[in-house]
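As stored in coords-v5.txt (compact mmCIF, C-alpha atoms and all ligand atoms):
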# COMPACT_ATOMS: atom_id res chain seq x y z
CA MET A 1 0.00 0.00 0.00
CA LYS A 2 1.28 3.43 -0.92
CA VAL A 3 0.78 6.49 1.27
CA PHE A 4 1.33 10.05 0.09
CA VAL A 5 2.46 12.18 3.05
CA THR A 6 2.47 15.93 2.53
CA GLY A 7 4.71 17.78 4.99
CA GLY A 8 6.68 14.56 5.53
CA ALA A 9 9.91 16.49 6.17
CA GLY A 10 8.33 18.37 9.07
CA PHE A 11 8.19 17.63 12.77
CA ILE A 12 5.03 15.50 12.96
CA GLY A 13 4.90 14.39 9.31
CA SER A 14 8.39 12.87 9.46
CA ASN A 15 7.48 10.88 12.58
CA VAL A 16 4.40 9.61 10.72
CA VAL A 17 6.54 8.64 7.72
CA ASP A 18 8.96 6.69 9.92
CA LEU A 19 6.16 4.68 11.51
CA LEU A 20 4.53 3.93 8.15
CA VAL A 21 7.83 2.79 6.64
CA GLU A 22 8.45 0.63 9.73
CA ASN A 23 5.06 -0.97 9.16
CA GLY A 24 5.77 -1.86 5.55
CA TYR A 25 4.01 0.98 3.74
CA GLU A 26 5.51 2.53 0.64
CA VAL A 27 5.73 6.26 1.31
CA VAL A 28 5.91 9.24 -1.03
CA ILE A 29 6.62 12.65 0.50
CA VAL A 30 5.83 16.07 -0.89
CA ASP A 31 7.32 18.98 1.03
CA ASN A 32 8.72 22.34 -0.05
CA LEU A 33 11.10 22.42 2.97
CA THR A 34 9.94 25.82 4.24
CA SER A 35 10.04 24.55 7.83
CA GLY A 36 10.76 20.89 7.11
CA ARG A 37 14.31 19.60 7.02
CA GLN A 38 16.17 17.39 4.61
CA SER A 39 17.65 15.55 7.61
CA ASN A 40 14.14 14.50 8.72
CA LEU A 41 13.51 12.63 5.47
CA ASN A 42 13.27 8.87 5.78
CA PRO A 43 15.74 7.39 3.26
CA LYS A 44 13.25 4.66 2.34
CA ALA A 45 10.61 7.20 1.30
CA LYS A 46 10.48 8.82 -2.13
CA PHE A 47 10.76 12.60 -1.90
CA TYR A 48 9.46 15.36 -4.15
CA GLN A 49 10.45 18.90 -3.21
CA LEU A 50 7.35 20.78 -4.27
CA ASP A 51 4.83 23.30 -3.01
CA ILE A 52 1.42 21.73 -2.44
CA ARG A 53 -0.10 24.63 -4.43
CA ASP A 54 1.92 23.72 -7.52
CA PRO A 55 -0.16 22.38 -10.46
CA GLN A 56 2.61 19.80 -11.00
CA LEU A 57 1.26 17.99 -7.94
CA HIS A 58 -1.40 16.45 -10.19
CA GLU A 59 1.22 14.83 -12.42
CA ILE A 60 2.96 13.38 -9.36
CA PHE A 61 -0.31 11.91 -8.11
CA GLN A 62 -1.03 10.45 -11.57
CA HIS A 63 2.44 8.94 -11.66
CA GLU A 64 2.49 7.61 -8.08
CA ARG A 65 -1.19 6.65 -7.75
CA PRO A 66 -1.19 6.44 -3.92
CA ASP A 67 -3.79 4.44 -2.00
CA PHE A 68 -3.91 6.90 0.87
CA VAL A 69 -3.04 10.51 1.67
CA SER A 70 -1.94 11.89 5.03
CA HIS A 71 -2.01 15.66 4.63
CA HIS A 72 0.32 17.35 7.11
CA ALA A 73 1.79 20.20 5.02
CA ALA A 74 0.54 23.53 6.28
CA GLN A 75 1.35 27.04 7.31
CA VAL A 76 1.47 26.23 11.04
CA ASP A 77 2.40 29.50 12.70
CA VAL A 78 -0.55 31.24 14.42
CA ARG A 79 1.22 34.61 14.54
CA LYS A 80 2.11 34.46 10.85
CA SER A 81 -1.51 33.64 10.06
CA VAL A 82 -2.57 36.82 11.87
CA ALA A 83 0.12 38.94 10.20
CA ASP A 84 -0.47 37.55 6.70
CA PRO A 85 -3.84 35.81 6.46
CA MET A 86 -3.71 35.67 2.65
CA HIS A 87 -0.50 33.63 2.73
CA ASP A 88 -1.93 31.36 5.44
CA ALA A 89 -5.10 30.74 3.42
CA SER A 90 -3.20 30.23 0.18
CA ILE A 91 -1.40 27.22 1.74
CA ASN A 92 -3.98 25.92 4.19
CA VAL A 93 -7.05 26.43 2.01
CA LEU A 94 -5.93 26.53 -1.65
CA GLY A 95 -3.02 24.15 -1.06
CA THR A 96 -5.32 21.67 0.69
CA LEU A 97 -7.81 21.97 -2.15
CA ASN A 98 -5.06 21.24 -4.67
CA VAL A 99 -4.08 18.09 -2.75
CA LEU A 100 -7.74 17.05 -2.51
CA GLU A 101 -8.33 17.54 -6.22
CA ALA A 102 -5.21 15.56 -7.12
CA ALA A 103 -6.27 12.79 -4.68
CA ARG A 104 -9.82 12.66 -6.02
CA LYS A 105 -8.60 12.18 -9.58
CA VAL A 106 -6.70 9.01 -8.63
CA SER A 107 -9.55 7.78 -6.36
CA VAL A 108 -7.58 7.38 -3.14
CA LYS A 109 -9.06 4.97 -0.60
CA ARG A 110 -8.89 7.45 2.25
CA PHE A 111 -7.73 11.00 2.88
CA ILE A 112 -6.35 11.72 6.35
CA TYR A 113 -6.51 15.41 7.10
CA ILE A 114 -4.62 16.90 10.01
CA SER A 115 -6.57 19.56 11.83
CA THR A 116 -6.04 21.27 15.15
CA GLY A 117 -8.00 20.78 18.34
CA GLY A 118 -6.00 23.61 19.88
CA ALA A 119 -7.21 26.23 17.39
CA VAL A 120 -10.60 25.28 15.89
CA TYR A 121 -12.64 25.35 19.13
CA GLY A 122 -11.51 28.82 20.19
CA GLU A 123 -12.15 29.81 23.81
CA PRO A 124 -13.75 26.63 25.24
CA GLU A 125 -17.38 26.75 26.36
CA TYR A 126 -16.83 23.51 28.30
CA LEU A 127 -13.93 21.20 29.06
CA PRO A 128 -12.74 18.81 27.90
CA CYS A 129 -13.71 19.78 24.32
CA ASP A 130 -15.24 16.92 22.37
CA GLU A 131 -15.77 16.90 18.61
CA ASN A 132 -19.25 18.45 19.04
CA HIS A 133 -17.90 21.53 20.79
CA PRO A 134 -18.81 24.70 18.82
CA ILE A 135 -16.21 25.72 16.24
CA ASN A 136 -15.20 29.30 17.02
CA PRO A 137 -11.58 29.81 15.95
CA ILE A 138 -10.04 33.05 17.20
CA CYS A 139 -7.12 33.14 14.77
CA GLN A 140 -6.79 32.88 11.01
CA TYR A 141 -4.85 29.61 11.31
CA GLY A 142 -7.76 27.97 13.19
CA ALA A 143 -10.23 29.15 10.53
CA SER A 144 -8.08 28.06 7.58
CA LYS A 145 -7.40 24.64 9.07
CA HIS A 146 -11.10 24.15 9.79
CA LEU A 147 -12.06 24.96 6.20
CA GLY A 148 -10.24 21.82 5.04
CA GLU A 149 -12.65 19.77 7.15
CA HIS A 150 -15.63 21.20 5.21
CA TYR A 151 -14.05 20.31 1.89
CA LEU A 152 -13.53 16.74 3.08
CA TYR A 153 -17.16 16.32 4.03
CA MET A 154 -18.16 17.73 0.66
CA TYR A 155 -15.75 15.45 -1.21
CA GLN A 156 -17.23 12.46 0.56
CA VAL A 157 -20.78 13.47 -0.38
CA MET A 158 -19.91 14.47 -3.96
CA TYR A 159 -17.25 11.90 -4.87
CA GLY A 160 -17.49 9.20 -2.20
CA MET A 161 -13.97 9.93 -0.90
CA ASN A 162 -13.48 8.41 2.57
CA TYR A 163 -11.77 10.67 5.04
CA THR A 164 -10.46 10.86 8.58
CA VAL A 165 -9.87 14.17 10.28
CA LEU A 166 -7.42 14.04 13.18
CA ARG A 167 -7.59 17.11 15.40
CA TYR A 168 -4.23 17.15 17.19
CA PRO A 169 -3.80 18.89 20.55
CA ASN A 170 -0.39 20.44 21.49
CA VAL A 171 2.07 17.98 20.04
CA TYR A 172 5.66 17.69 21.26
CA GLY A 173 8.59 15.35 20.79
CA PRO A 174 11.71 14.67 18.73
CA ARG A 175 12.34 17.01 15.74
CA GLN A 176 10.15 19.88 16.96
CA ASP A 177 12.00 23.12 16.22
CA PRO A 178 13.62 24.46 19.43
CA HIS A 179 14.20 27.83 17.77
CA GLY A 180 10.63 28.39 16.58
CA GLU A 181 8.08 30.83 17.95
CA ALA A 182 5.71 28.06 19.01
CA GLY A 183 6.21 24.69 20.64
CA VAL A 184 6.84 25.47 24.28
CA VAL A 185 8.29 22.00 25.00
CA ALA A 186 10.92 22.32 22.26
CA ILE A 187 11.81 25.87 23.29
CA PHE A 188 12.13 25.02 27.01
CA THR A 189 14.06 21.82 26.21
CA GLY A 190 16.57 23.63 24.02
CA ARG A 191 17.11 26.43 26.51
CA MET A 192 17.34 24.15 29.54
CA VAL A 193 19.82 21.76 27.95
CA GLU A 194 21.95 24.73 26.86
CA GLY A 195 21.62 26.36 30.31
CA GLU A 196 20.00 29.49 28.84
CA PRO A 197 17.41 31.66 30.66
CA ILE A 198 13.71 30.98 30.27
CA THR A 199 10.79 33.38 30.34
CA ILE A 200 7.29 32.08 30.99
CA ASN A 201 4.52 34.14 29.36
CA GLY A 202 1.98 35.37 31.92
CA ASP A 203 1.61 33.61 35.27
CA GLY A 204 2.25 30.15 33.80
CA GLU A 205 -1.07 28.82 35.07
CA GLN A 206 -2.48 28.64 31.50
CA SER A 207 -2.89 24.98 30.59
CA ARG A 208 -2.70 22.78 27.50
CA ASP A 209 -3.13 19.17 26.43
CA PHE A 210 0.37 17.90 25.52
CA LEU A 211 0.53 14.76 23.38
CA TYR A 212 3.69 12.89 22.40
CA VAL A 213 4.31 12.84 18.63
CA GLY A 214 4.60 9.03 18.49
CA ASP A 215 0.97 8.78 19.57
CA CYS A 216 -0.06 11.09 16.70
CA ALA A 217 1.84 8.89 14.27
CA ARG A 218 0.04 5.80 15.59
CA ALA A 219 -3.34 7.44 14.99
CA ASN A 220 -2.40 7.86 11.32
CA LEU A 221 -1.54 4.18 11.10
CA LEU A 222 -4.87 3.21 12.70
CA ALA A 223 -6.78 5.51 10.36
CA LEU A 224 -5.30 3.58 7.41
CA ARG A 225 -6.09 0.20 8.92
CA VAL A 226 -9.58 0.71 10.32
CA ASP A 227 -12.19 0.53 7.54
CA HIS A 228 -14.86 2.53 9.37
CA ALA A 229 -12.49 5.35 10.41
CA ASN A 230 -14.69 7.96 8.70
CA GLY A 231 -15.22 11.22 10.52
CA ILE A 232 -13.60 13.70 12.85
CA TYR A 233 -11.48 12.59 15.81
CA ASN A 234 -9.74 14.50 18.55
CA LEU A 235 -6.45 13.11 19.75
CA ALA A 236 -5.77 14.00 23.36
CA THR A 237 -4.42 13.06 26.73
CA SER A 238 -7.56 14.56 28.32
CA GLN A 239 -5.31 16.21 30.88
CA ALA A 240 -4.66 19.87 31.39
CA THR A 241 -1.00 20.58 32.14
CA SER A 242 -0.07 24.09 33.15
CA ILE A 243 3.05 25.73 31.75
CA ASN A 244 4.38 25.89 35.32
CA GLU A 245 3.93 22.12 35.73
CA LEU A 246 5.58 21.50 32.37
CA TYR A 247 8.47 23.74 33.37
CA GLN A 248 8.95 21.93 36.69
CA THR A 249 8.94 18.49 35.06
CA LEU A 250 11.48 19.52 32.42
CA LYS A 251 13.60 21.28 35.04
CA LYS A 252 13.82 18.02 36.97
CA ILE A 253 14.65 15.93 33.87
CA THR A 254 17.37 18.31 32.65
CA ASP A 255 18.74 19.33 36.08
CA TYR A 256 18.23 22.93 35.04
CA PRO A 257 19.87 25.14 37.68
CA LEU A 258 18.21 28.51 36.88
CA GLU A 259 14.78 29.89 37.80
CA ALA A 260 12.38 31.05 35.08
CA ALA A 261 11.41 34.70 34.76
CA TYR A 262 7.80 35.70 34.15
CA GLY A 263 6.92 38.05 31.28
CA PRO A 264 3.70 39.56 29.93
CA ALA A 265 0.94 37.16 28.85
CA LYS A 266 0.52 36.68 25.09
CA LEU A 267 -2.52 38.49 23.77
CA GLY A 268 -5.28 36.29 22.37
CA GLU A 269 -3.98 33.12 24.00
CA THR A 270 -6.57 30.64 25.24
CA ARG A 271 -6.35 30.32 29.03
CA HIS A 272 -7.20 26.65 29.41
CA ILE A 273 -7.84 23.96 26.84
CA TYR A 274 -7.83 20.21 26.82
CA LEU A 275 -9.71 17.72 24.71
CA THR A 276 -11.30 14.31 25.03
CA ALA A 277 -10.32 11.51 22.63
CA ASP A 278 -13.08 9.07 23.65
CA LYS A 279 -14.36 8.89 20.07
CA ALA A 280 -10.92 7.98 18.68
CA GLY A 281 -10.75 5.31 21.40
CA GLN A 282 -14.10 3.82 20.40
CA HIS A 283 -13.77 4.01 16.59
CA LEU A 284 -10.03 3.72 15.96
CA GLY A 285 -8.91 1.82 19.04
CA TRP A 286 -6.52 4.70 19.71
CA GLU A 287 -5.20 5.63 23.13
CA GLN A 288 -2.31 7.61 24.52
CA THR A 289 0.62 5.28 25.19
CA VAL A 290 3.38 7.69 26.23
CA ASN A 291 2.75 9.79 29.33
CA LEU A 292 4.09 13.32 29.70
CA GLU A 293 7.13 12.56 31.82
CA GLU A 294 8.24 9.69 29.58
CA GLY A 295 7.61 11.79 26.44
CA LEU A 296 9.63 14.66 27.87
CA ARG A 297 12.50 12.33 28.73
CA ARG A 298 12.56 11.04 25.15
CA THR A 299 12.43 14.61 23.81
CA VAL A 300 15.35 15.73 25.98
CA ALA A 301 17.38 12.63 25.01
CA HIS A 302 16.73 13.30 21.31
CA TYR A 303 17.70 16.94 21.68
CA LYS A 304 20.98 16.01 23.31
CA THR A 305 21.96 13.43 20.70
CA HIS A 306 20.61 15.07 17.53
CA GLU A 307 20.09 18.84 17.83
CA ARG A 308 23.36 19.45 19.65
CA ALA A 309 25.26 17.23 17.25
CA LYS A 310 23.82 19.24 14.34
CA ALA A 311 24.67 22.55 15.98
CA SER A 312 28.27 21.52 16.50
CA ALA A 313 28.65 19.96 13.01
N1 LIG B 401 2.65 20.94 16.26
C1 LIG B 401 1.43 20.92 16.81
O1 LIG B 401 1.30 21.00 18.04
C2 LIG B 401 0.21 20.78 15.95
C3 LIG B 401 -1.05 20.82 16.57
C4 LIG B 401 -2.19 20.68 15.80
C5 LIG B 401 -2.09 20.46 14.43
N2 LIG B 401 -0.86 20.45 13.84
C6 LIG B 401 -0.80 20.22 12.38
O2 LIG B 401 0.15 19.20 12.13
C7 LIG B 401 0.71 19.39 10.83
C8 LIG B 401 2.24 19.33 10.92
O3 LIG B 401 2.70 20.39 11.76
P1 LIG B 401 4.15 20.42 12.41
O4 LIG B 401 4.00 20.90 13.80
O5 LIG B 401 4.82 19.14 12.15
O6 LIG B 401 4.84 21.61 11.61
P2 LIG B 401 6.08 21.62 10.61
O7 LIG B 401 6.25 23.06 10.21
O8 LIG B 401 7.24 20.92 11.20
O9 LIG B 401 5.54 20.78 9.39
C9 LIG B 401 4.90 21.33 8.26
C10 LIG B 401 5.58 20.79 7.01
O10 LIG B 401 4.87 21.26 5.86
C11 LIG B 401 5.81 21.77 4.95
N3 LIG B 401 5.13 22.81 4.14
C12 LIG B 401 4.70 24.02 4.58
N4 LIG B 401 4.13 24.69 3.57
C13 LIG B 401 4.21 23.88 2.48
C14 LIG B 401 3.81 24.02 1.14
N5 LIG B 401 3.19 25.14 0.69
N6 LIG B 401 4.06 23.01 0.27
C15 LIG B 401 4.69 21.88 0.69
N7 LIG B 401 5.10 21.70 1.94
C16 LIG B 401 4.86 22.68 2.83
C17 LIG B 401 6.96 22.31 5.77
O11 LIG B 401 8.18 22.41 5.04
C18 LIG B 401 7.02 21.28 6.89
O12 LIG B 401 7.85 20.20 6.56
C19 LIG B 401 0.16 20.71 10.31
O13 LIG B 401 -0.92 20.43 9.44
C20 LIG B 401 -0.33 21.40 11.57
O14 LIG B 401 -1.39 22.30 11.28
C21 LIG B 401 0.29 20.61 14.56
Any chance you could give the structure as structure tokens?
Amino acid sequence: MKVFVTGGAGFIGSNVVDLLVENGYEVVIVDNLTSGRQSNLNPKAKFYQLDIRDPQLHEIFQHERPDFVSHHAAQVDVRKSVADPMHDASINVLGTLNVLEAARKVSVKRFIYISTGGAVYGEPEYLPCDENHPINPICQYGASKHLGEHYLYMYQVMYGMNYTVLRYPNVYGPRQDPHGEAGVVAIFTGRMVEGEPITINGDGEQSRDFLYVGDCARANLLALRVDHANGIYNLATSQATSINELYQTLKKITDYPLEAAYGPAKLGETRHIYLTADKAGQHLGWEQTVNLEEGLRRTVAHYKTHERAKASA
């Protein structure tokens, strides 16, 4: 079986590719390497360096004729989506539509679309958010990612294309960019291992649902294997972890000797959010397998062996 993974050179996409290859799938990656890295590419996967908006994508689909698509490529930066909503929509809406059109023409068996539980629900009306929670994104990124979900529903009705939407929570783990604007685990890990100062935004009591990237990858595998995996599924730990708790756990793991400073809160940031993944448990047989402390240990170990090695190379 052949799987077409867009964004397969990125943080989460590359972890998905590795698991699929490990499980005997033939994998084709399309990525334009804007935030993805060549070093993340699995050598057993075929790689096309291309923008998902490029009309040439259709020729690649015709040539490769994949059975499945796992669509991870996206403009993922919330702040960039606010600063340049046209650019965000051109990738997340028009790019997604281009992938969908190319996939429809070769009649893929299933289209897995990666959405975001952290950004589509907006300020939660109740917790944990389930899939029926009102959709009220409060940033352009949340709106553009949600639009893809509408297209999928429509493509199923119009063309009979099966789909699975996975709404990821805050994902962390190996290969997340420690120098990015987002990804608090990667940023804290990098700074703590290097012994650099850390500033926590606001009082640190804001909380998130942190899921290890390997568990996201496994959900993609299950979505390919389970015939009735049609619909929208949250992935989640169903636990709210405050930034202060996260900081303390990482401090312990890395033996970080400094104390964090506290800075101004980020405007427009949701105070508390966590999700429930009961539906993914019932329909996909998915559950979290790596708890936060274990996931953080693996992330720190990866940072020490890979990121530092790269920096000193
Ligand atoms: N990281 C999280 O916590 C999180 C949470 C919810 C959802 N998601 C979703 O997961 C997916 C992967 O995110 P990530 O965190 O791994 O980010 P990432 O930036 O590491 O991965 C995105 C990948 O897409 C590629 N890409 C971007 N624009 C492209 C384009 N126009 N054409 C081709 N390739 C392009 C990038 O080069 C990169 O490899 C995204 O769809 C994102 O919205 C991530």
Checklist line | Spatial neighbours of Pro169 in chain A, 8 Å, all atoms listed in the file, chain gap at least 3 places, as a PyMOL selection string | finding: chain A and resi 116-118+209-211+234-236+274-275
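Distances to ligand LIG 401 (chain B) were evaluated for A:Ile29, A:Leu57, A:Val76, A:Ala102 using all atoms listed in the file, and the minimum falls at A:Val76.
Take atom N3 of ligand LIG 401 (chain B) and CA of Ala182 in chain A: the distance between them is 15.8 Å.
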Next item on the list: Name the residues in contact with His179 in chain A at a cut-off of 8 Å, using only C-alpha atoms, excluding same-chain residues fewer than 4 positions from it; report them as JSON, numbers by chain.
Entry: {"A": [186, 187, 190]}
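Distance check against Cys129 in chain A using all atoms listed in the file: of A:Leu97, A:Ala240, A:Val3, A:Ala83, the minimum falls on A:Ala240.
Distances to Gln75 in chain A were evaluated for A:Thr96, A:Thr299, A:Thr270, A:Gln49 using all atoms listed in the file, and the minimum falls at A:Thr96.
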Nearby polymer residues, ligand LIG 401 (chain B), at most 7 Å, only C-alpha atoms and all ligand atoms, as a PDB file with C-alpha atoms, keeping the file's coordinate frame:
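Okay, this is what ended up in out-v6.pdb:
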ATOM      1  CA  THR A   6       2.470  15.930   2.530  1.00  0.00           C
ATOM      2  CA  GLY A   7       4.710  17.780   4.990  1.00  0.00           C
ATOM      3  CA  GLY A   8       6.680  14.560   5.530  1.00  0.00           C
ATOM      4  CA  ALA A   9       9.910  16.490   6.170  1.00  0.00           C
ATOM      5  CA  GLY A  10       8.330  18.370   9.070  1.00  0.00           C
ATOM      6  CA  PHE A  11       8.190  17.630  12.770  1.00  0.00           C
ATOM      7  CA  ILE A  12       5.030  15.500  12.960  1.00  0.00           C
ATOM      8  CA  GLY A  13       4.900  14.390   9.310  1.00  0.00           C
ATOM      9  CA  VAL A  30       5.830  16.070  -0.890  1.00  0.00           C
ATOM     10  CA  ASP A  31       7.320  18.980   1.030  1.00  0.00           C
ATOM     11  CA  ASN A  32       8.720  22.340  -0.050  1.00  0.00           C
ATOM     12  CA  LEU A  33      11.100  22.420   2.970  1.00  0.00           C
ATOM     13  CA  THR A  34       9.940  25.820   4.240  1.00  0.00           C
ATOM     14  CA  SER A  35      10.040  24.550   7.830  1.00  0.00           C
ATOM     15  CA  GLY A  36      10.760  20.890   7.110  1.00  0.00           C
ATOM     16  CA  ARG A  37      14.310  19.600   7.020  1.00  0.00           C
ATOM     17  CA  LEU A  50       7.350  20.780  -4.270  1.00  0.00           C
ATOM     18  CA  ASP A  51       4.830  23.300  -3.010  1.00  0.00           C
ATOM     19  CA  ILE A  52       1.420  21.730  -2.440  1.00  0.00           C
ATOM     20  CA  ARG A  53      -0.100  24.630  -4.430  1.00  0.00           C
ATOM     21  CA  HIS A  71      -2.010  15.660   4.630  1.00  0.00           C
ATOM     22  CA  HIS A  72       0.320  17.350   7.110  1.00  0.00           C
ATOM     23  CA  ALA A  73       1.790  20.200   5.020  1.00  0.00           C
ATOM     24  CA  ALA A  74       0.540  23.530   6.280  1.00  0.00           C
ATOM     25  CA  GLN A  75       1.350  27.040   7.310  1.00  0.00           C
ATOM     26  CA  VAL A  76       1.470  26.230  11.040  1.00  0.00           C
ATOM     27  CA  ILE A  91      -1.400  27.220   1.740  1.00  0.00           C
ATOM     28  CA  GLY A  95      -3.020  24.150  -1.060  1.00  0.00           C
ATOM     29  CA  ILE A 114      -4.620  16.900  10.010  1.00  0.00           C
ATOM     30  CA  SER A 115      -6.570  19.560  11.830  1.00  0.00           C
ATOM     31  CA  THR A 116      -6.040  21.270  15.150  1.00  0.00           C
ATOM     32  CA  GLY A 117      -8.000  20.780  18.340  1.00  0.00           C
ATOM     33  CA  GLY A 118      -6.000  23.610  19.880  1.00  0.00           C
ATOM     34  CA  LYS A 145      -7.400  24.640   9.070  1.00  0.00           C
ATOM     35  CA  ARG A 167      -7.590  17.110  15.400  1.00  0.00           C
ATOM     36  CA  TYR A 168      -4.230  17.150  17.190  1.00  0.00           C
ATOM     37  CA  PRO A 169      -3.800  18.890  20.550  1.00  0.00           C
ATOM     38  CA  ASN A 170      -0.390  20.440  21.490  1.00  0.00           C
ATOM     39  CA  VAL A 171       2.070  17.980  20.040  1.00  0.00           C
ATOM     40  CA  TYR A 172       5.660  17.690  21.260  1.00  0.00           C
ATOM     41  CA  GLN A 176      10.150  19.880  16.960  1.00  0.00           C
ATOM     42  CA  GLY A 183       6.210  24.690  20.640  1.00  0.00           C
TER      43      GLY A 183
END
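Of the listed residues (A:Gln62, A:Asn42, A:Gln206, A:Gln140), A:Gln206 comes nearest to Glu269 in chain A; the distances count only C-alpha atoms.
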Determine, for each residue of range 192-286 of chain A having at least one atom at most 12 Å from an atom of range 292-297 of chain A, the closest pair of atoms and their separation in Å to one decimal, counting only C-alpha atoms; order by chain and ascending number, as JSON lines.
{"residue": "A:Val193", "atom": "CA", "partner": "A:Arg297", "partner_atom": "CA", "distance": 12.0}
{"residue": "A:Arg208", "atom": "CA", "partner": "A:Leu292", "partner_atom": "CA", "distance": 11.9}
{"residue": "A:Asp209", "atom": "CA", "partner": "A:Leu292", "partner_atom": "CA", "distance": 9.9}
{"residue": "A:Phe210", "atom": "CA", "partner": "A:Leu292", "partner_atom": "CA", "distance": 7.2}
{"residue": "A:Leu211", "atom": "CA", "partner": "A:Leu292", "partner_atom": "CA", "distance": 7.4}
{"residue": "A:Tyr212", "atom": "CA", "partner": "A:Gly295", "partner_atom": "CA", "distance": 5.7}
{"residue": "A:Val213", "atom": "CA", "partner": "A:Gly295", "partner_atom": "CA", "distance": 8.5}
{"residue": "A:Gly214", "atom": "CA", "partner": "A:Gly295", "partner_atom": "CA", "distance": 8.9}
{"residue": "A:Asp215", "atom": "CA", "partner": "A:Gly295", "partner_atom": "CA", "distance": 10.0}
{"residue": "A:Ala236", "atom": "CA", "partner": "A:Leu292", "partner_atom": "CA", "distance": 11.7}
{"residue": "A:Thr237", "atom": "CA", "partner": "A:Leu292", "partner_atom": "CA", "distance": 9.0}
{"residue": "A:Ser238", "atom": "CA", "partner": "A:Leu292", "partner_atom": "CA", "distance": 11.8}
{"residue": "A:Gln239", "atom": "CA", "partner": "A:Leu292", "partner_atom": "CA", "distance": 9.9}
{"residue": "A:Ala240", "atom": "CA", "partner": "A:Leu292", "partner_atom": "CA", "distance": 11.1}
{"residue": "A:Thr241", "atom": "CA", "partner": "A:Leu292", "partner_atom": "CA", "distance": 9.2}
{"residue": "A:Glu245", "atom": "CA", "partner": "A:Leu292", "partner_atom": "CA", "distance": 10.7}
{"residue": "A:Leu246", "atom": "CA", "partner": "A:Leu292", "partner_atom": "CA", "distance": 8.7}
{"residue": "A:Tyr247", "atom": "CA", "partner": "A:Leu296", "partner_atom": "CA", "distance": 10.7}
{"residue": "A:Gln248", "atom": "CA", "partner": "A:Glu293", "partner_atom": "CA", "distance": 10.7}
{"residue": "A:Thr249", "atom": "CA", "partner": "A:Glu293", "partner_atom": "CA", "distance": 7.0}
{"residue": "A:Leu250", "atom": "CA", "partner": "A:Leu296", "partner_atom": "CA", "distance": 6.9}
{"residue": "A:Lys251", "atom": "CA", "partner": "A:Leu296", "partner_atom": "CA", "distance": 10.5}
{"residue": "A:Lys252", "atom": "CA", "partner": "A:Glu293", "partner_atom": "CA", "distance": 10.1}
{"residue": "A:Ile253", "atom": "CA", "partner": "A:Arg297", "partner_atom": "CA", "distance": 6.6}
{"residue": "A:Thr254", "atom": "CA", "partner": "A:Arg297", "partner_atom": "CA", "distance": 8.7}
{"residue": "A:Asp255", "atom": "CA", "partner": "A:Arg297", "partner_atom": "CA", "distance": 11.9}
Margin query: Could you check the closest approach to Arg104 in chain A for each of A:Leu267, A:Val5, A:Leu152, A:Ala277 and tell me which residue wins, using all atoms listed in the file?
Written below: A:Leu152
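CA of Met86 in chain A sits 13.7 Å away from CA of Gly142 in chain A.
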Can you patch up range 260-271 of chain A, filling it in to N, CA and C atoms, and show the result as a CSV table (one decimal), in the coordinates of the input?
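Output file rebuild_20.csv follows:
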chain,number,residue,atom,x,y,z
A,260,ALA,N,13.0,30.3,36.2
A,260,ALA,CA,12.4,31.0,35.1
A,260,ALA,C,11.9,32.5,35.5
A,261,ALA,N,12.0,33.4,34.5
A,261,ALA,CA,11.4,34.7,34.8
A,261,ALA,C,10.0,34.7,34.2
A,262,TYR,N,9.2,35.6,34.7
A,262,TYR,CA,7.8,35.7,34.2
A,262,TYR,C,7.6,37.0,33.4
A,263,GLY,N,7.1,36.9,32.1
A,263,GLY,CA,6.9,38.0,31.3
A,263,GLY,C,5.4,38.3,31.0
A,264,PRO,N,5.1,39.3,30.2
A,264,PRO,CA,3.7,39.6,29.9
A,264,PRO,C,3.0,38.4,29.2
A,265,ALA,N,1.7,38.2,29.5
A,265,ALA,CA,0.9,37.2,28.8
A,265,ALA,C,0.8,37.5,27.4
A,266,LYS,N,0.7,36.5,26.5
A,266,LYS,CA,0.5,36.7,25.1
A,266,LYS,C,-0.9,37.0,24.8
A,267,LEU,N,-1.2,38.1,24.1
A,267,LEU,CA,-2.5,38.5,23.8
A,267,LEU,C,-3.2,37.4,22.9
A,268,GLY,N,-4.5,37.2,23.2
A,268,GLY,CA,-5.3,36.3,22.4
A,268,GLY,C,-5.0,34.8,22.7
A,269,GLU,N,-4.2,34.5,23.7
A,269,GLU,CA,-4.0,33.1,24.0
A,269,GLU,C,-5.1,32.5,24.8
A,270,THR,N,-5.5,31.3,24.5
A,270,THR,CA,-6.6,30.6,25.2
A,270,THR,C,-6.0,30.3,26.6
A,271,ARG,N,-6.8,30.5,27.7
A,271,ARG,CA,-6.4,30.3,29.0
A,271,ARG,C,-6.2,28.8,29.3
